[in-house]
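Asker: Pasting entry24.pdb below, which is PDB, C-alpha atoms and all ligand atoms.
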```
ATOM      1  CA  MET A   1      -2.932  -8.147  23.618
ATOM      2  CA  GLY A   2      -0.114 -10.724  23.675
ATOM      3  CA  ALA A   3       1.701  -9.770  20.470
ATOM      4  CA  THR A   4       4.492  -7.244  20.054
ATOM      5  CA  LEU A   5       3.541  -4.461  17.629
ATOM      6  CA  ILE A   6       5.812  -4.025  14.603
ATOM      7  CA  ASP A   7       6.309  -0.287  14.272
ATOM      8  CA  GLY A   8       6.345   0.384  10.520
ATOM      9  CA  LYS A   9       6.722   4.125  10.987
ATOM     10  CA  ALA A  10       9.922   3.718  13.003
ATOM     11  CA  ILE A  11      11.409   1.145  10.602
ATOM     12  CA  ALA A  12      10.513   3.295   7.589
ATOM     13  CA  LEU A  13      12.191   6.293   9.228
ATOM     14  CA  ARG A  14      15.343   4.216   9.718
ATOM     15  CA  VAL A  15      15.314   3.214   6.016
ATOM     16  CA  ARG A  16      14.843   6.848   4.972
ATOM     17  CA  ARG A  17      17.760   7.953   7.144
ATOM     18  CA  GLU A  18      19.961   5.244   5.622
ATOM     19  CA  VAL A  19      18.968   6.381   2.120
ATOM     20  CA  ALA A  20      19.690  10.034   3.000
ATOM     21  CA  GLU A  21      23.125   9.090   4.337
ATOM     22  CA  ALA A  22      23.934   6.974   1.259
ATOM     23  CA  THR A  23      22.745   9.828  -0.987
ATOM     24  CA  ARG A  24      25.201  12.211   0.695
ATOM     25  CA  GLU A  25      27.991   9.677   0.163
ATOM     26  CA  LEU A  26      27.015   9.180  -3.495
ATOM     27  CA  LYS A  27      27.033  12.940  -4.037
ATOM     28  CA  ALA A  28      30.444  13.303  -2.382
ATOM     29  CA  ARG A  29      31.881  10.543  -4.584
ATOM     30  CA  THR A  30      30.227  11.263  -7.942
ATOM     31  CA  GLY A  31      28.769  14.767  -7.681
ATOM     32  CA  ARG A  32      25.397  13.266  -8.614
ATOM     33  CA  VAL A  33      22.208  12.497  -6.689
ATOM     34  CA  PRO A  34      19.477   9.948  -7.493
ATOM     35  CA  GLY A  35      16.703  11.296  -9.738
ATOM     36  CA  LEU A  36      13.148  10.012  -9.323
ATOM     37  CA  ALA A  37      10.499  10.767 -11.966
ATOM     38  CA  VAL A  38       6.828  10.040 -11.353
ATOM     39  CA  ILE A  39       4.321   9.937 -14.212
ATOM     40  CA  ARG A  40       0.704  10.638 -13.239
ATOM     41  CA  VAL A  41      -2.198  10.686 -15.685
ATOM     42  CA  GLY A  42      -5.623  12.079 -14.814
ATOM     43  CA  GLU A  43      -7.132  13.353 -11.592
ATOM     44  CA  ASP A  44      -7.535  10.317  -9.331
ATOM     45  CA  PRO A  45      -7.525  12.020  -5.897
ATOM     46  CA  ALA A  46      -5.750   9.169  -4.077
ATOM     47  CA  SER A  47      -3.007   9.087  -6.756
ATOM     48  CA  LYS A  48      -2.474  12.813  -6.322
ATOM     49  CA  ILE A  49      -1.942  12.351  -2.573
ATOM     50  CA  TYR A  50       0.393   9.349  -3.073
ATOM     51  CA  VAL A  51       2.492  11.176  -5.682
ATOM     52  CA  THR A  52       2.795  14.272  -3.483
ATOM     53  CA  GLY A  53       3.966  12.008  -0.626
ATOM     54  CA  LYS A  54       6.539  10.304  -2.860
ATOM     55  CA  GLN A  55       7.878  13.621  -4.171
ATOM     56  CA  LYS A  56       8.186  15.042  -0.666
ATOM     57  CA  ALA A  57       9.928  11.932   0.689
ATOM     58  CA  ALA A  58      12.341  11.910  -2.272
ATOM     59  CA  ALA A  59      13.237  15.585  -1.766
ATOM     60  CA  GLU A  60      13.781  14.982   1.971
ATOM     61  CA  VAL A  61      16.460  12.341   1.357
ATOM     62  CA  GLY A  62      18.231  14.602  -1.145
ATOM     63  CA  PHE A  63      16.945  13.181  -4.446
ATOM     64  CA  GLU A  64      15.977  15.265  -7.471
ATOM     65  CA  ALA A  65      12.261  14.535  -7.765
ATOM     66  CA  SER A  66      10.028  15.429 -10.711
ATOM     67  CA  GLU A  67       6.356  14.878 -11.445
ATOM     68  CA  HIS A  68       5.111  14.481 -15.020
ATOM     69  CA  HIS A  69       1.381  15.084 -14.866
ATOM     70  CA  PHE A  70      -0.933  14.583 -17.847
ATOM     71  CA  PRO A  71      -4.648  15.448 -18.153
ATOM     72  CA  GLU A  72      -7.342  12.747 -18.025
ATOM     73  CA  THR A  73      -7.631  12.956 -21.857
ATOM     74  CA  ALA A  74      -3.915  12.430 -22.595
ATOM     75  CA  SER A  75      -3.229   9.855 -25.328
ATOM     76  CA  HIS A  76      -1.130   6.750 -24.809
ATOM     77  CA  ALA A  77       1.377   8.098 -27.364
ATOM     78  CA  GLU A  78       1.912  11.312 -25.377
ATOM     79  CA  VAL A  79       2.594   9.452 -22.150
ATOM     80  CA  GLN A  80       4.836   6.943 -23.926
ATOM     81  CA  ALA A  81       6.868   9.784 -25.498
ATOM     82  CA  ARG A  82       7.542  11.244 -22.045
ATOM     83  CA  LEU A  83       8.479   7.846 -20.663
ATOM     84  CA  GLU A  84      10.955   7.371 -23.527
ATOM     85  CA  ALA A  85      12.465  10.808 -22.808
ATOM     86  CA  LEU A  86      12.868   9.873 -19.121
ATOM     87  CA  ASN A  87      14.431   6.537 -20.135
ATOM     88  CA  ALA A  88      17.051   8.522 -22.053
ATOM     89  CA  ASP A  89      17.623  11.235 -19.423
ATOM     90  CA  PRO A  90      20.901  10.590 -17.553
ATOM     91  CA  ALA A  91      19.664  12.584 -14.518
ATOM     92  CA  VAL A  92      16.800  10.104 -13.974
ATOM     93  CA  HIS A  93      17.497   6.792 -12.216
ATOM     94  CA  GLY A  94      14.048   5.798 -10.997
ATOM     95  CA  ILE A  95      10.792   6.025 -12.952
ATOM     96  CA  LEU A  96       7.337   5.030 -11.860
ATOM     97  CA  VAL A  97       3.942   5.247 -13.476
ATOM     98  CA  GLN A  98       1.346   5.913 -10.794
ATOM     99  CA  LEU A  99      -1.624   3.563 -11.242
ATOM    100  CA  PRO A 100      -4.474   3.628 -12.089
ATOM    101  CA  VAL A 101      -4.241   5.416 -15.443
ATOM    102  CA  PRO A 102      -7.240   6.282 -17.700
ATOM    103  CA  LYS A 103      -8.323   3.429 -19.973
ATOM    104  CA  GLN A 104      -6.862   4.823 -23.228
ATOM    105  CA  VAL A 105      -3.396   4.567 -21.630
ATOM    106  CA  ASP A 106      -2.021   1.005 -21.648
ATOM    107  CA  SER A 107      -0.108   0.678 -18.370
ATOM    108  CA  ALA A 108       1.220  -2.809 -19.185
ATOM    109  CA  ALA A 109       2.680  -1.510 -22.465
ATOM    110  CA  LEU A 110       4.293   1.415 -20.599
ATOM    111  CA  LEU A 111       5.844  -1.012 -18.120
ATOM    112  CA  ARG A 112       7.375  -2.986 -20.986
ATOM    113  CA  ILE A 113       8.921   0.165 -22.501
ATOM    114  CA  LEU A 114      10.349   1.338 -19.169
ATOM    115  CA  ARG A 115      14.071   0.576 -18.854
ATOM    116  CA  PRO A 116      14.377  -2.244 -16.297
ATOM    117  CA  ASP A 117      17.437  -0.565 -14.773
ATOM    118  CA  LYS A 118      15.329   2.573 -14.144
ATOM    119  CA  ASP A 119      12.325   0.652 -12.776
ATOM    120  CA  ALA A 120      11.632   2.134  -9.328
ATOM    121  CA  ASP A 121       8.635  -0.083  -8.500
ATOM    122  CA  GLY A 122      10.164  -3.449  -9.416
ATOM    123  CA  LEU A 123       7.190  -4.225 -11.671
ATOM    124  CA  HIS A 124       8.974  -4.484 -15.035
ATOM    125  CA  PRO A 125       8.712  -8.056 -16.371
ATOM    126  CA  VAL A 126      12.521  -8.354 -16.384
ATOM    127  CA  ASN A 127      12.720  -7.519 -12.674
ATOM    128  CA  ALA A 128       9.733  -9.746 -11.856
ATOM    129  CA  GLY A 129      11.421 -12.531 -13.887
ATOM    130  CA  LEU A 130      14.780 -12.114 -12.146
ATOM    131  CA  LEU A 131      13.002 -12.329  -8.786
ATOM    132  CA  ALA A 132      11.200 -15.496  -9.944
ATOM    133  CA  GLN A 133      14.593 -16.983 -10.851
ATOM    134  CA  GLY A 134      15.955 -16.114  -7.404
ATOM    135  CA  ARG A 135      18.395 -13.590  -8.852
ATOM    136  CA  ASP A 136      19.282 -10.036  -7.920
ATOM    137  CA  ALA A 137      16.456  -7.676  -8.958
ATOM    138  CA  THR A 138      14.713  -4.432  -8.149
ATOM    139  CA  VAL A 139      11.784  -5.703  -6.073
ATOM    140  CA  ALA A 140       8.225  -4.367  -5.709
ATOM    141  CA  CYS A 141       8.283  -1.848  -2.855
ATOM    142  CA  THR A 142       5.592  -3.235  -0.534
ATOM    143  CA  PRO A 143       6.799  -6.870  -0.295
ATOM    144  CA  TRP A 144      10.397  -5.645  -0.171
ATOM    145  CA  GLY A 145       9.372  -3.515   2.813
ATOM    146  CA  VAL A 146       7.799  -6.559   4.468
ATOM    147  CA  MET A 147      11.128  -8.416   4.181
ATOM    148  CA  ARG A 148      12.861  -5.493   5.876
ATOM    149  CA  MET A 149      10.268  -5.595   8.685
ATOM    150  CA  LEU A 150      10.917  -9.313   9.226
ATOM    151  CA  GLN A 151      14.644  -8.609   9.362
ATOM    152  CA  GLU A 152      14.103  -5.832  11.934
ATOM    153  CA  ILE A 153      12.277  -8.189  14.314
ATOM    154  CA  ASP A 154      14.906 -10.876  13.676
ATOM    155  CA  CYS A 155      12.380 -13.225  12.083
ATOM    156  CA  LYS A 156      14.333 -15.542   9.766
ATOM    157  CA  PRO A 157      12.055 -17.173   7.156
ATOM    158  CA  ALA A 158      14.429 -20.124   6.498
ATOM    159  CA  GLY A 159      12.717 -23.397   7.404
ATOM    160  CA  LYS A 160       9.484 -21.687   8.470
ATOM    161  CA  ARG A 161       6.066 -22.130   6.893
ATOM    162  CA  ALA A 162       4.972 -18.858   5.294
ATOM    163  CA  VAL A 163       1.411 -18.288   4.137
ATOM    164  CA  VAL A 164       0.692 -15.418   1.737
ATOM    165  CA  VAL A 165      -2.971 -14.549   1.171
ATOM    166  CA  GLY A 166      -3.315 -12.737  -2.189
ATOM    167  CA  ARG A 167      -1.490 -13.291  -5.483
ATOM    168  CA  SER A 168      -1.407  -9.847  -7.110
ATOM    169  CA  ILE A 169       1.552  -8.762  -9.237
ATOM    170  CA  LEU A 170       2.027  -5.814  -6.875
ATOM    171  CA  VAL A 171       2.096  -7.649  -3.548
ATOM    172  CA  GLY A 172       1.194 -11.349  -3.202
ATOM    173  CA  ARG A 173       3.318 -12.888  -5.978
ATOM    174  CA  PRO A 174       6.568 -11.019  -5.285
ATOM    175  CA  MET A 175       5.995 -11.559  -1.547
ATOM    176  CA  ALA A 176       5.737 -15.321  -2.022
ATOM    177  CA  LEU A 177       8.876 -15.350  -4.201
ATOM    178  CA  LEU A 178      10.874 -13.298  -1.679
ATOM    179  CA  LEU A 179       9.906 -15.685   1.118
ATOM    180  CA  LEU A 180      10.733 -18.682  -1.090
ATOM    181  CA  ASN A 181      14.099 -17.136  -1.996
ATOM    182  CA  ALA A 182      14.664 -16.750   1.767
ATOM    183  CA  ASP A 183      14.131 -20.535   2.155
ATOM    184  CA  ALA A 184      10.649 -20.497   3.698
ATOM    185  CA  THR A 185       8.127 -23.170   2.706
ATOM    186  CA  VAL A 186       5.525 -20.998   1.027
ATOM    187  CA  THR A 187       1.785 -21.399   0.457
ATOM    188  CA  VAL A 188      -0.002 -18.816  -1.694
ATOM    189  CA  CYS A 189      -3.764 -18.426  -1.116
ATOM    190  CA  HIS A 190      -6.506 -16.842  -3.242
ATOM    191  CA  ARG A 191     -10.274 -16.955  -3.647
ATOM    192  CA  LYS A 192     -10.366 -20.726  -4.163
ATOM    193  CA  SER A 193      -8.233 -21.555  -1.110
ATOM    194  CA  ASN A 194      -9.457 -22.989   2.166
ATOM    195  CA  LEU A 195      -8.277 -20.013   4.191
ATOM    196  CA  PRO A 196      -8.890 -21.228   7.783
ATOM    197  CA  GLU A 197      -6.956 -24.443   7.056
ATOM    198  CA  GLU A 198      -4.043 -22.787   5.235
ATOM    199  CA  VAL A 199      -3.697 -19.753   7.525
ATOM    200  CA  ALA A 200      -3.484 -22.045  10.572
ATOM    201  CA  ARG A 201      -0.226 -23.525   9.222
ATOM    202  CA  GLY A 202       1.633 -20.222   8.878
ATOM    203  CA  ASP A 203       4.571 -19.374  11.141
ATOM    204  CA  ILE A 204       4.633 -16.216   9.043
ATOM    205  CA  LEU A 205       1.352 -14.879   7.666
ATOM    206  CA  VAL A 206       1.211 -12.084   5.088
ATOM    207  CA  ALA A 207      -2.284 -10.838   4.230
ATOM    208  CA  ALA A 208      -2.651  -8.821   1.002
ATOM    209  CA  VAL A 209      -6.293  -9.188   0.059
ATOM    210  CA  GLY A 210      -8.210  -5.928   0.314
ATOM    211  CA  VAL A 211     -11.155  -7.312   2.329
ATOM    212  CA  PRO A 212     -11.634  -5.804   5.810
ATOM    213  CA  GLU A 213     -10.772  -8.299   8.570
ATOM    214  CA  LEU A 214     -11.257 -11.321   6.281
ATOM    215  CA  ILE A 215      -8.673 -13.311   8.235
ATOM    216  CA  LYS A 216     -10.015 -14.231  11.631
ATOM    217  CA  GLY A 217      -7.891 -14.131  14.759
ATOM    218  CA  ALA A 218      -8.931 -17.680  15.667
ATOM    219  CA  TRP A 219      -7.236 -19.006  12.469
ATOM    220  CA  ILE A 220      -3.792 -17.645  13.387
ATOM    221  CA  LYS A 221      -1.180 -20.164  14.523
ATOM    222  CA  PRO A 222      -0.157 -19.331  18.100
ATOM    223  CA  GLY A 223       3.181 -17.517  18.038
ATOM    224  CA  ALA A 224       2.945 -16.564  14.337
ATOM    225  CA  VAL A 225       4.338 -13.345  12.892
ATOM    226  CA  VAL A 226       1.410 -11.539  11.253
ATOM    227  CA  ILE A 227       2.004  -8.918   8.549
ATOM    228  CA  ASP A 228      -1.142  -7.144   7.397
ATOM    229  CA  VAL A 229      -0.680  -5.360   4.066
ATOM    230  CA  GLY A 230      -4.378  -4.545   3.646
ATOM    231  CA  ILE A 231      -5.610  -0.982   3.886
ATOM    232  CA  ASN A 232      -9.422  -0.838   3.877
ATOM    233  CA  ARG A 233     -11.585   2.150   4.706
ATOM    234  CA  LEU A 234     -14.836   1.282   6.491
ATOM    235  CA  PRO A 235     -17.999   3.354   5.879
ATOM    236  CA  SER A 236     -17.305   4.982   9.271
ATOM    237  CA  GLY A 237     -14.018   6.299   7.860
ATOM    238  CA  LYS A 238     -11.904   4.007  10.064
ATOM    239  CA  LEU A 239      -8.951   2.236   8.406
ATOM    240  CA  VAL A 240      -8.634  -1.497   9.025
ATOM    241  CA  GLY A 241      -6.446  -4.257   7.635
ATOM    242  CA  ASP A 242      -7.243  -7.668   6.164
ATOM    243  CA  VAL A 243      -6.727  -9.344   9.558
ATOM    244  CA  GLU A 244      -9.080  -9.214  12.538
ATOM    245  CA  PHE A 245      -6.507  -7.292  14.540
ATOM    246  CA  ALA A 246      -7.579  -7.555  18.210
ATOM    247  CA  ALA A 247      -8.215 -11.319  18.123
ATOM    248  CA  ALA A 248      -5.088 -11.998  16.027
ATOM    249  CA  ALA A 249      -2.957  -9.989  18.455
ATOM    250  CA  GLU A 250      -4.005 -12.419  21.224
ATOM    251  CA  ARG A 251      -2.378 -15.330  19.357
ATOM    252  CA  ALA A 252       0.462 -13.828  17.306
ATOM    253  CA  SER A 253       3.980 -13.186  18.601
ATOM    254  CA  HIS A 254       4.332 -10.058  16.421
ATOM    255  CA  ILE A 255       1.757  -8.124  14.419
ATOM    256  CA  THR A 256       1.639  -4.998  12.236
ATOM    257  CA  PRO A 257      -0.992  -2.359  13.019
ATOM    258  CA  VAL A 258      -3.131  -0.698  10.320
ATOM    259  CA  PRO A 259      -2.395   2.165   9.854
ATOM    260  CA  GLY A 260       1.268   2.546  10.846
ATOM    261  CA  GLY A 261       2.439  -0.919   9.802
ATOM    262  CA  VAL A 262       3.320  -1.859   6.236
ATOM    263  CA  GLY A 263       1.986   1.416   4.744
ATOM    264  CA  PRO A 264       4.946   3.653   5.668
ATOM    265  CA  MET A 265       7.419   1.042   4.362
ATOM    266  CA  THR A 266       6.273   1.310   0.747
ATOM    267  CA  ILE A 267       7.570   4.839   0.103
ATOM    268  CA  ALA A 268      10.752   4.113   2.067
ATOM    269  CA  MET A 269      11.502   1.125  -0.196
ATOM    270  CA  LEU A 270      10.742   3.197  -3.311
ATOM    271  CA  LEU A 271      13.546   5.529  -2.199
ATOM    272  CA  SER A 272      15.778   2.543  -1.496
ATOM    273  CA  ASN A 273      15.096   1.098  -4.994
ATOM    274  CA  THR A 274      15.858   4.435  -6.675
ATOM    275  CA  LEU A 275      19.129   4.741  -4.765
ATOM    276  CA  ARG A 276      20.028   1.189  -5.806
ATOM    277  CA  ASN A 277      19.354   2.003  -9.467
ATOM    278  CA  ALA A 278      21.336   5.261  -9.235
ATOM    279  CA  ARG A 279      24.360   3.507  -7.762
ATOM    280  CA  ALA A 280      24.291   0.887 -10.521
ATOM    281  CA  LEU A 281      23.748   3.420 -13.320
ATOM    282  CA  LEU A 282      26.488   5.702 -11.994
ATOM    283  CA  GLY A 283      28.835   2.753 -11.547
ATOM    284  CA  ALA A 284      29.174   3.566  -7.839
TER     285      ALA A 284
HETATM  286  P1  LIG A 301      -5.554  -7.062  -5.571
HETATM  287  O1  LIG A 301      -4.764  -6.833  -6.808
HETATM  288  O2  LIG A 301      -7.015  -6.763  -5.561
HETATM  289  O3  LIG A 301      -5.365  -8.605  -5.170
HETATM  290  C1  LIG A 301      -6.078  -9.160  -4.105
HETATM  291  C2  LIG A 301      -5.753 -10.627  -3.966
HETATM  292  O4  LIG A 301      -6.517 -11.113  -2.861
HETATM  293  C3  LIG A 301      -6.118 -11.466  -5.179
HETATM  294  O5  LIG A 301      -5.098 -12.399  -5.444
HETATM  295  C4  LIG A 301      -7.415 -12.161  -4.753
HETATM  296  O6  LIG A 301      -7.547 -13.486  -5.203
HETATM  297  C5  LIG A 301      -7.257 -12.249  -3.261
HETATM  298  N1  LIG A 301      -8.562 -12.263  -2.615
HETATM  299  C6  LIG A 301      -9.553 -11.340  -2.717
HETATM  300  N2  LIG A 301     -10.625 -11.713  -1.990
HETATM  301  C7  LIG A 301     -10.318 -12.905  -1.432
HETATM  302  C8  LIG A 301     -11.007 -13.806  -0.596
HETATM  303  N3  LIG A 301     -12.259 -13.541  -0.177
HETATM  304  N4  LIG A 301     -10.377 -14.927  -0.206
HETATM  305  C9  LIG A 301      -9.125 -15.185  -0.603
HETATM  306  N5  LIG A 301      -8.398 -14.370  -1.415
HETATM  307  C10 LIG A 301      -8.995 -13.246  -1.825
HETATM  308  O7  LIG A 301      -4.957  -6.271  -4.332
HETATM  309  P2  LIG A 301      -3.434  -5.821  -3.973
HETATM  310  O8  LIG A 301      -3.013  -4.717  -4.877
HETATM  311  O9  LIG A 301      -2.561  -7.016  -3.837
HETATM  312  O10 LIG A 301      -3.697  -5.189  -2.527
HETATM  313  C11 LIG A 301      -4.164  -5.963  -1.446
HETATM  314  C12 LIG A 301      -4.403  -5.064  -0.247
HETATM  315  O11 LIG A 301      -3.172  -4.454   0.130
HETATM  316  C13 LIG A 301      -5.360  -3.900  -0.477
HETATM  317  O12 LIG A 301      -6.060  -3.645   0.722
HETATM  318  C14 LIG A 301      -4.455  -2.727  -0.782
HETATM  319  O13 LIG A 301      -5.030  -1.488  -0.426
HETATM  320  C15 LIG A 301      -3.307  -3.040   0.129
HETATM  321  N6  LIG A 301      -2.011  -2.477  -0.308
HETATM  322  C16 LIG A 301      -1.286  -1.834   0.627
HETATM  323  C17 LIG A 301      -0.052  -1.320   0.295
HETATM  324  C18 LIG A 301       0.747  -0.653   1.356
HETATM  325  O14 LIG A 301       1.562   0.188   1.060
HETATM  326  N7  LIG A 301       0.550  -1.030   2.614
HETATM  327  C19 LIG A 301       0.460  -1.438  -0.991
HETATM  328  C20 LIG A 301      -0.296  -2.140  -1.939
HETATM  329  C21 LIG A 301      -1.544  -2.669  -1.583
HETATM  330  P3  LIG A 301      -7.779 -13.912  -6.746
HETATM  331  O15 LIG A 301      -6.394 -13.801  -7.365
HETATM  332  O16 LIG A 301      -8.259 -15.307  -6.659
HETATM  333  O17 LIG A 301      -8.736 -12.924  -7.314
END
```
Mind converting the file's structure to structure tokens?
Ligand code: NAP
Answerer:
Amino acid sequence: MGATLIDGKAIALRVRREVAEATRELKARTGRVPGLAVIRVGEDPASKIYVTGKQKAAAEVGFEASEHHFPETASHAEVQARLEALNADPAVHGILVQLPVPKQVDSAALLRILRPDKDADGLHPVNAGLLAQGRDATVACTPWGVMRMLQEIDCKPAGKRAVVVGRSILVGRPMALLLLNADATVTVCHRKSNLPEEVARGDILVAAVGVPELIKGAWIKPGAVVIDVGINRLPSGKLVGDVEFAAAAERASHITPVPGGVGPMTIAMLLSNTLRNARALLGA
């Protein structure tokens, strides 16, 4: 393997330590700590694990963390009422609605009601719009974590060709905008793109597709930085990314492993976003 591995666990730990330190400072100055509230509806087993992880990480850095769990049959109105109460609660600075939610609950409508200055996930249309305008915003956690990883390996996007595969609201779109705002020349790929041709141009490649090893190592530009956001479980139980790792690692200069790459960054950036909101809301 020629590429240097980008250690997401170590970078995420650094971010969490920074957040813990800043939380202590905020408490010393204002007597207050960031409050993170997570709304979960139903019994999706993966969501339960993710929310437990988020709560634990928030408590570890000194936040007040609360979970607001509703049964599978909860009505949209019930969930909305709780969201409105959290919007009004001065002890809460970060709110997130864990997706997916049962079909009677309209997650897009909830996102519109959420106060943009309490948006912990950076998915509120106001924050997404500010990002699209190249202005200061709370940014979706996963792509924001990718930018931090690039910074840690001293990869400066300015003037480079960046290729993002995937255009979801959660990952691909905000990723492309962040790279554009950092002065990269950005190509965004999807199902209708000629992937081998486009991927081969990327000095920076970000894969956020959800198809195991879709992106072949032979397509990677020699010396590229490869960030694999994909987390796919094979029938064998093994976790793999969206990039054919072993072959890509022969050509890339840097590459993220799966697991242990982008995954750990997402929770770390959720904490960072909540701290950012708390500082702004507390005027600190
Ligand atoms: P998503 O909403 O399903 O979006 C997938 C995107 O990939 C879509 O834009 C889709 O294109 C594109 N795509 C799918 N198949 C393709 C193909 N054969 N060729 C080209 N493009 C294709 O997924 P997501 O939420 O962005 O997540 C993507 C992956 O990242 C998943 O594996 C997910 O588990 C992982 N993820 C990881 C983290 C983390 O913390 N590391 C966080 C979030 C997501 P169209 O728009 O044309 O349909």
Asker: With the cut-off set at 8 Å and counting all atoms listed in the file, tabulate each residue of chain A with an atom at most that distance from an atom of ligand LIG 301 (chain A), showing the nearest atom pair and its distance in Å to one decimal, ordered by chain and increasing number, as CSV.
Answerer:
```
residue,atom,partner,partner_atom,distance
A:Thr142,CA,A:LIG301,C19,5.5
A:Val165,CA,A:LIG301,N5,6.0
A:Gly166,CA,A:LIG301,O4,3.7
A:Arg167,CA,A:LIG301,O5,3.7
A:Ser168,CA,A:LIG301,O9,4.5
A:Ile169,CA,A:LIG301,O9,7.0
A:Leu170,CA,A:LIG301,O8,5.5
A:Val171,CA,A:LIG301,O9,4.7
A:Gly172,CA,A:LIG301,O9,5.8
A:Cys189,CA,A:LIG301,N5,6.2
A:His190,CA,A:LIG301,N5,3.6
A:Arg191,CA,A:LIG301,C9,3.7
A:Lys192,CA,A:LIG301,O16,6.3
A:Ser193,CA,A:LIG301,C9,6.5
A:Leu195,CA,A:LIG301,C9,6.9
A:Ala207,CA,A:LIG301,C12,7.6
A:Ala208,CA,A:LIG301,C11,4.1
A:Val209,CA,A:LIG301,O4,3.5
A:Gly210,CA,A:LIG301,O12,3.2
A:Val211,CA,A:LIG301,N2,6.2
A:Pro212,CA,A:LIG301,O12,7.8
A:Leu214,CA,A:LIG301,N3,6.9
A:Asp228,CA,A:LIG301,N7,7.9
A:Val229,CA,A:LIG301,N7,4.7
A:Gly230,CA,A:LIG301,O12,3.5
A:Ile231,CA,A:LIG301,O12,4.2
A:Asn232,CA,A:LIG301,O12,5.4
A:Gly241,CA,A:LIG301,O12,7.0
A:Asp242,CA,A:LIG301,O12,6.9
A:Gly261,CA,A:LIG301,N7,7.4
A:Val262,CA,A:LIG301,N7,4.6
A:Gly263,CA,A:LIG301,N7,3.5
A:Pro264,CA,A:LIG301,O14,6.7
A:Met265,CA,A:LIG301,O14,6.8
A:Thr266,CA,A:LIG301,O14,4.9
A:Ile267,CA,A:LIG301,O14,7.7
```
Asker: Could you jot down the CA of Leu96 in chain A to CA of Ser75 in chain A separation for me, Å, one decimal place?
Answerer: 17.8 Å
Asker: Which protein, DNA or RNA residues have an atom at most 10 Å from (-1.4, 2.5, -22.4), counting all atoms listed in the file? List them as a short mmCIF file (atom, residue, chain, number, x, y, z; two decimals) with C-alpha atoms, keeping the file's coordinate frame.
Answerer:
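Below is the file selection.cif, written as the result:
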```cif
data_model
loop_
_atom_site.label_atom_id
_atom_site.label_comp_id
_atom_site.auth_asym_id
_atom_site.auth_seq_id
_atom_site.Cartn_x
_atom_site.Cartn_y
_atom_site.Cartn_z
CA SER A 75 -3.23 9.86 -25.33
CA HIS A 76 -1.13 6.75 -24.81
CA ALA A 77 1.38 8.10 -27.36
CA GLU A 78 1.91 11.31 -25.38
CA VAL A 79 2.59 9.45 -22.15
CA GLN A 80 4.84 6.94 -23.93
CA VAL A 101 -4.24 5.42 -15.44
CA PRO A 102 -7.24 6.28 -17.70
CA LYS A 103 -8.32 3.43 -19.97
CA GLN A 104 -6.86 4.82 -23.23
CA VAL A 105 -3.40 4.57 -21.63
CA ASP A 106 -2.02 1.00 -21.65
CA SER A 107 -0.11 0.68 -18.37
CA ALA A 108 1.22 -2.81 -19.18
CA ALA A 109 2.68 -1.51 -22.46
CA LEU A 110 4.29 1.42 -20.60
CA LEU A 111 5.84 -1.01 -18.12
#
```
Asker: Would you write out, as a tab-separated table, a table of all residues in range 91-162 of chain A that have an atom no more than 12 Å from an atom of range 14-17 of chain A, listing for each the closest atom pair and the distance in Å to one decimal, considering only C-alpha atoms and ordering rows by chain and rising residue number?
Answerer:
```
residue	atom	partner	partner_atom	distance
A:Trp144	CA	A:Val15	CA	11.9
A:Gly145	CA	A:Val15	CA	9.5
A:Arg148	CA	A:Val15	CA	9.0
A:Met149	CA	A:Val15	CA	10.5
A:Glu152	CA	A:Arg14	CA	10.4
```
Asker: With a distance cut-off of 12 Å and all atoms listed in the file, select the neighbouring residues of Glu60 in chain A, excluding the residue or stretch itself and same-chain residues fewer than 2 positions from it, and output the selection as a list in words.
Answerer: Leu13, Arg16, Arg17, Val19, Ala20, Glu21, Thr23, Arg24, Gly53, Lys54, Gln55, Lys56, Ala57, Ala58, Gly62, Phe63, Glu64, Ala65, Ala268 and Leu271 of chain A
Asker: Next, the residues of the selection above should be written as a tab-separated table (two decimals), in the coordinates of the input with C-alpha atoms.
Answerer:
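Result file result.tsv:
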```tsv
chain	number	residue	atom	x	y	z
A	13	LEU	CA	12.19	6.29	9.23
A	16	ARG	CA	14.84	6.85	4.97
A	17	ARG	CA	17.76	7.95	7.14
A	19	VAL	CA	18.97	6.38	2.12
A	20	ALA	CA	19.69	10.03	3.00
A	21	GLU	CA	23.12	9.09	4.34
A	23	THR	CA	22.74	9.83	-0.99
A	24	ARG	CA	25.20	12.21	0.70
A	53	GLY	CA	3.97	12.01	-0.63
A	54	LYS	CA	6.54	10.30	-2.86
A	55	GLN	CA	7.88	13.62	-4.17
A	56	LYS	CA	8.19	15.04	-0.67
A	57	ALA	CA	9.93	11.93	0.69
A	58	ALA	CA	12.34	11.91	-2.27
A	62	GLY	CA	18.23	14.60	-1.14
A	63	PHE	CA	16.94	13.18	-4.45
A	64	GLU	CA	15.98	15.26	-7.47
A	65	ALA	CA	12.26	14.54	-7.76
A	268	ALA	CA	10.75	4.11	2.07
A	271	LEU	CA	13.55	5.53	-2.20
```
Asker: So what do you get for CA of Ala137 in chain A versus CA of Ala22 in chain A, distance-wise?
Answerer: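 Here the two named atoms are 19.4 Å from each other.
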Asker: Of the candidates A:Val61, A:Val226, A:Leu114, A:Ala91, which one gets nearest to Val146 in chain A if we count only C-alpha atoms?
Answerer: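 Looking at the shortest contact to Val146 in chain A, the residue is A:Val226.
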Asker: Which residues are close to Gly134 in chain A, i.e. within 8 Å by all atoms listed in the file, leaving aside same-chain residues fewer than 3 positions away? Reply as a PyMOL selection string.
Answerer: chain A and resi 130-131+177+181
Asker: Show which residues sit within 8 Å of range 243-251 of chain A, as a ChimeraX atom specification. Count all atoms listed in the file, and ignore same-chain residues fewer than 3 positions away.
Answerer: /A:1-3,207,212-218,220-224,228,230,254-255,257
